[in-house]
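A.B. asks: A single structure is presented below for examination.
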Amino acid sequence: ALSQVLRLERSRRTAIVFPLQKLERYLAPGTDTARFRLFQPGLAALQRAEALFRSDRGHPIDCVSSAVRMDHAPPLALPEVRRALPPRPSAGTGLSCGAKGWWSVDVPFLRLPLQVCFIGRSNVGKSSLIRALFSLAPEVEVRVSKTPGHTKKINFFKVGKYFTLVDMPGYGYRAPQDFVEMVEAYLQERRNLKRTFLLVDGVVGLQKTDHIAIEMLEEFGIPYVMVLTKIDRASRGVLLKNVLEIQEFVKESTQGCFPQLFLVSSVESSGVHLLRCFVAHVTGNL
Ligand code: GDP
C-alpha cells in the first residue's frame, strides 16, 4: 500500500513509485527525458487511484470470466443502457439500432461502462501484474489460463461503477492467428475501450509478436500504452537499452501509443501505484 511506500527513504520510494525516473540519472547528460515525466501524478492522485483498487462493501470489485468469443462475453451494464434509452428513437437523436439488435449509442449522456484492456504475449507477466494491481482487493481471484487455443478466457474485472479492466488471453507463437481469434474481435467491438495496455517483457524488449500486436493496434486506431514488465529481472544496462530503443520506436513509428513507457515489477511492486493511477486517469476517475 502507498502508506507503506511513503515510509521508505526517498530514493527507494522513487524507485517504487516512479521506476522510469529512477533510471534518469544513468543517462548521458543532455538526453531528452521529457517523455519520462509526461504523467507524473501527485500524492493525492496516487491515493485516489489506490482507493479505486481497494474493494469494500460499497465498492465491490468483481471478476467474471468469459469464453474468448465476443458473442459469449458478458453484456456489462447493458440493462442500464437499455433502461436509459427512450423506447423509440426518433430521427436526429443520435441513436441507431446496431446490427446486433440493441442500440448502439454515440451520445454522451449514456454512461457506458468504460474499459481498459491488458494484452501481451503468454508469459509476459500479465497475470502477475493484474494480481499486483488488485492486491488490495484480496477476494479478487486472478485466474490464470495457460491452455493454448480455444479454452482461453477473457477475465473482466468490474471495479465498482467506475470502469472494467479486461484481461485478454496471452497470445503466443500462433500470432497472428491468435489475434484474429481472440483479440481482434474484442478490440474492434468495444467503443467504450479507453486504453489498451500492451505488456512487453522488460528483459527481452520488443519481439516479433509484439510488433504484430502494435501493427494491429495502429491499424485499428486504438490508443495504447506500453508497459515493460519484470524490470527487477533486467540489469540496469539492459533495461536502459530497452527503454531507450522502445521510446525511439514509439516516437518514430507509432501514432496511437502514449509516449511515456510504464515500467513495472510485480515482484517488487514497483510501477504498480503509477499504473493504477494512469488507469484511473484514462477512465476519468482522478
Ligand atoms: P502471463 O502468462 O503473462 O500471465 O505471465 P505470468 O504472470 O504467469 O508470469 C510468467 C512468469 O514470469 C512467472 O514465472 C512469474 O512468476 C514471472 N513473473 C511475472 N512477473 C514478474 C516480475 O515482475 N518479476 C519477476 N522476476 N518475475 C515475474
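Residues in the C-alpha cells are numbered from 1 in each chain, the chains being A, B, ... in the order shown, and ligands are numbered from 1 in the order shown.
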Determine, counting only C-alpha atoms, which protein, DNA and RNA residues have an atom within 12 Å of an atom of Cys277 of chain A; residues of the same chain fewer than 5 positions away are not included. Present the result as number ranges by chain.

C.D. replies: A: 2, 17-18, 39-53, 133, 262, 271-272, 282-286

A.B. asks: Please provide the set of residues having any atom within 12 Å of Glu24 of chain A, restricted to only C-alpha atoms, with same-chain residues fewer than 2 positions apart removed, written as a PyMOL selection string.

C.D. replies: chain A and resi 14-15+18-22+26-37+236+239-240+243-244

A.B. asks: As a count of residues only, please: every protein or nucleic acid residue near ligand 1 (cut-off 12 Å, counting only C-alpha atoms and all ligand atoms).

C.D. replies: 58

A.B. asks: May I have the residues within 9 Å of segment 188-197 of chain A as a PDB file with N, CA, C and O atoms, in the first residue's frame, using only C-alpha atoms and disregarding those fewer than 4 positions away in the same chain?

C.D. replies:
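What landed in result_13.pdb:
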```pdb
ATOM      1  N   MET A  70     -16.559 -13.158 -28.606  1.00  0.00           N
ATOM      2  CA  MET A  70     -17.241 -11.984 -28.091  1.00  0.00           C
ATOM      3  C   MET A  70     -18.743 -12.180 -27.938  1.00  0.00           C
ATOM      4  O   MET A  70     -19.370 -11.539 -27.117  1.00  0.00           O
ATOM      5  N   ASP A 106     -23.997   6.839 -29.455  1.00  0.00           N
ATOM      6  CA  ASP A 106     -22.840   7.732 -29.502  1.00  0.00           C
ATOM      7  C   ASP A 106     -23.128   9.033 -28.774  1.00  0.00           C
ATOM      8  O   ASP A 106     -22.591  10.063 -29.119  1.00  0.00           O
ATOM      9  N   LEU A 112     -21.732   4.528 -20.706  1.00  0.00           N
ATOM     10  CA  LEU A 112     -21.349   3.132 -20.884  1.00  0.00           C
ATOM     11  C   LEU A 112     -20.209   2.807 -19.927  1.00  0.00           C
ATOM     12  O   LEU A 112     -19.413   3.682 -19.616  1.00  0.00           O
ATOM     13  N   PRO A 113     -20.118   1.581 -19.438  1.00  0.00           N
ATOM     14  CA  PRO A 113     -19.008   1.269 -18.547  1.00  0.00           C
ATOM     15  C   PRO A 113     -17.699   1.361 -19.323  1.00  0.00           C
ATOM     16  O   PRO A 113     -17.538   0.736 -20.363  1.00  0.00           O
ATOM     17  N   LEU A 114     -16.809   2.172 -18.827  1.00  0.00           N
ATOM     18  CA  LEU A 114     -15.537   2.360 -19.523  1.00  0.00           C
ATOM     19  C   LEU A 114     -14.660   1.138 -19.298  1.00  0.00           C
ATOM     20  O   LEU A 114     -14.713   0.503 -18.261  1.00  0.00           O
ATOM     21  N   GLN A 115     -13.857   0.856 -20.275  1.00  0.00           N
ATOM     22  CA  GLN A 115     -12.975  -0.300 -20.148  1.00  0.00           C
ATOM     23  C   GLN A 115     -11.544   0.073 -20.480  1.00  0.00           C
ATOM     24  O   GLN A 115     -11.285   0.959 -21.287  1.00  0.00           O
ATOM     25  N   VAL A 116     -10.631  -0.647 -19.832  1.00  0.00           N
ATOM     26  CA  VAL A 116      -9.237  -0.651 -20.270  1.00  0.00           C
ATOM     27  C   VAL A 116      -8.896  -2.116 -20.474  1.00  0.00           C
ATOM     28  O   VAL A 116      -9.462  -2.983 -19.803  1.00  0.00           O
ATOM     29  N   CYS A 117      -8.026  -2.404 -21.416  1.00  0.00           N
ATOM     30  CA  CYS A 117      -7.715  -3.821 -21.579  1.00  0.00           C
ATOM     31  C   CYS A 117      -6.215  -4.064 -21.582  1.00  0.00           C
ATOM     32  O   CYS A 117      -5.425  -3.196 -21.955  1.00  0.00           O
ATOM     33  N   PHE A 118      -5.847  -5.238 -21.104  1.00  0.00           N
ATOM     34  CA  PHE A 118      -4.446  -5.628 -20.981  1.00  0.00           C
ATOM     35  C   PHE A 118      -4.175  -6.771 -21.951  1.00  0.00           C
ATOM     36  O   PHE A 118      -4.864  -7.786 -21.905  1.00  0.00           O
ATOM     37  N   ILE A 119      -3.203  -6.581 -22.816  1.00  0.00           N
ATOM     38  CA  ILE A 119      -2.838  -7.649 -23.736  1.00  0.00           C
ATOM     39  C   ILE A 119      -1.320  -7.882 -23.680  1.00  0.00           C
ATOM     40  O   ILE A 119      -0.565  -7.004 -23.243  1.00  0.00           O
ATOM     41  N   GLY A 120      -0.894  -9.042 -24.119  1.00  0.00           N
ATOM     42  CA  GLY A 120       0.541  -9.328 -24.145  1.00  0.00           C
ATOM     43  C   GLY A 120       0.797 -10.784 -24.464  1.00  0.00           C
ATOM     44  O   GLY A 120      -0.118 -11.613 -24.411  1.00  0.00           O
ATOM     45  N   VAL A 183      -8.206 -11.574 -29.932  1.00  0.00           N
ATOM     46  CA  VAL A 183      -8.050 -10.191 -29.507  1.00  0.00           C
ATOM     47  C   VAL A 183      -8.745  -9.214 -30.457  1.00  0.00           C
ATOM     48  O   VAL A 183      -9.413  -8.279 -30.024  1.00  0.00           O
ATOM     49  N   GLU A 184      -8.619  -9.495 -31.741  1.00  0.00           N
ATOM     50  CA  GLU A 184      -9.108  -8.557 -32.743  1.00  0.00           C
ATOM     51  C   GLU A 184     -10.596  -8.267 -32.604  1.00  0.00           C
ATOM     52  O   GLU A 184     -11.025  -7.116 -32.625  1.00  0.00           O
ATOM     53  N   LEU A 217      -2.944  -2.660 -33.375  1.00  0.00           N
ATOM     54  CA  LEU A 217      -3.473  -1.507 -32.640  1.00  0.00           C
ATOM     55  C   LEU A 217      -3.408  -0.245 -33.495  1.00  0.00           C
ATOM     56  O   LEU A 217      -4.335   0.566 -33.503  1.00  0.00           O
ATOM     57  N   PHE A 220      -6.132  -0.383 -36.224  1.00  0.00           N
ATOM     58  CA  PHE A 220      -7.483  -0.126 -35.733  1.00  0.00           C
ATOM     59  C   PHE A 220      -7.621   1.271 -35.121  1.00  0.00           C
ATOM     60  O   PHE A 220      -8.701   1.659 -34.700  1.00  0.00           O
ATOM     61  N   ILE A 222      -6.450   2.256 -32.228  1.00  0.00           N
ATOM     62  CA  ILE A 222      -6.782   2.096 -30.806  1.00  0.00           C
ATOM     63  C   ILE A 222      -5.682   2.736 -29.954  1.00  0.00           C
ATOM     64  O   ILE A 222      -4.501   2.410 -30.123  1.00  0.00           O
ATOM     65  N   PRO A 223      -6.030   3.678 -29.070  1.00  0.00           N
ATOM     66  CA  PRO A 223      -4.991   4.277 -28.235  1.00  0.00           C
ATOM     67  C   PRO A 223      -4.418   3.253 -27.251  1.00  0.00           C
ATOM     68  O   PRO A 223      -5.166   2.517 -26.620  1.00  0.00           O
ATOM     69  N   TYR A 224      -3.114   3.223 -27.160  1.00  0.00           N
ATOM     70  CA  TYR A 224      -2.499   2.217 -26.291  1.00  0.00           C
ATOM     71  C   TYR A 224      -1.276   2.784 -25.592  1.00  0.00           C
ATOM     72  O   TYR A 224      -0.801   3.881 -25.896  1.00  0.00           O
ATOM     73  N   VAL A 225      -0.792   1.997 -24.648  1.00  0.00           N
ATOM     74  CA  VAL A 225       0.375   2.399 -23.880  1.00  0.00           C
ATOM     75  C   VAL A 225       1.204   1.136 -23.652  1.00  0.00           C
ATOM     76  O   VAL A 225       0.652   0.047 -23.534  1.00  0.00           O
ATOM     77  N   MET A 226       2.524   1.299 -23.666  1.00  0.00           N
ATOM     78  CA  MET A 226       3.358   0.103 -23.471  1.00  0.00           C
ATOM     79  C   MET A 226       3.832   0.015 -22.026  1.00  0.00           C
ATOM     80  O   MET A 226       4.260   1.016 -21.435  1.00  0.00           O
ATOM     81  N   VAL A 227       3.768  -1.196 -21.491  1.00  0.00           N
ATOM     82  CA  VAL A 227       4.171  -1.449 -20.113  1.00  0.00           C
ATOM     83  C   VAL A 227       5.304  -2.472 -20.146  1.00  0.00           C
ATOM     84  O   VAL A 227       5.131  -3.572 -20.676  1.00  0.00           O
ATOM     85  N   VAL A 279      -4.493   4.231 -15.019  1.00  0.00           N
ATOM     86  CA  VAL A 279      -5.788   3.620 -15.348  1.00  0.00           C
ATOM     87  C   VAL A 279      -6.916   4.543 -14.840  1.00  0.00           C
ATOM     88  O   VAL A 279      -7.880   4.826 -15.552  1.00  0.00           O
ATOM     89  N   VAL A 282      -7.076   7.607 -17.249  1.00  0.00           N
ATOM     90  CA  VAL A 282      -7.657   7.432 -18.590  1.00  0.00           C
ATOM     91  C   VAL A 282      -9.142   7.070 -18.529  1.00  0.00           C
ATOM     92  O   VAL A 282      -9.859   7.250 -19.513  1.00  0.00           O
ATOM     93  N   THR A 283      -9.602   6.574 -17.385  1.00  0.00           N
ATOM     94  CA  THR A 283     -11.032   6.282 -17.273  1.00  0.00           C
ATOM     95  C   THR A 283     -11.785   7.460 -16.632  1.00  0.00           C
ATOM     96  O   THR A 283     -12.953   7.338 -16.279  1.00  0.00           O
TER      97      THR A 283
END
```

A.B. asks: State, in Å with one decimal place, the distance from atom CA of Glu248 of chain A to atom CA of Arg13 of chain A.

C.D. replies: 27.3 Å

A.B. asks: Atom CA of Glu139 of chain A and atom CA of Ser65 of chain A, how far apart in Å?

C.D. replies: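 Pair atom CA of Ser65 of chain A / atom CA of Glu139 of chain A returns 15.1 Å.
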
A.B. asks: Would you mind telling me which residue in A:Glu252, A:Phe179, A:Gly237, A:Ser11 lies nearest to Thr209 of chain A when using only C-alpha atoms?

C.D. replies: A:Phe179
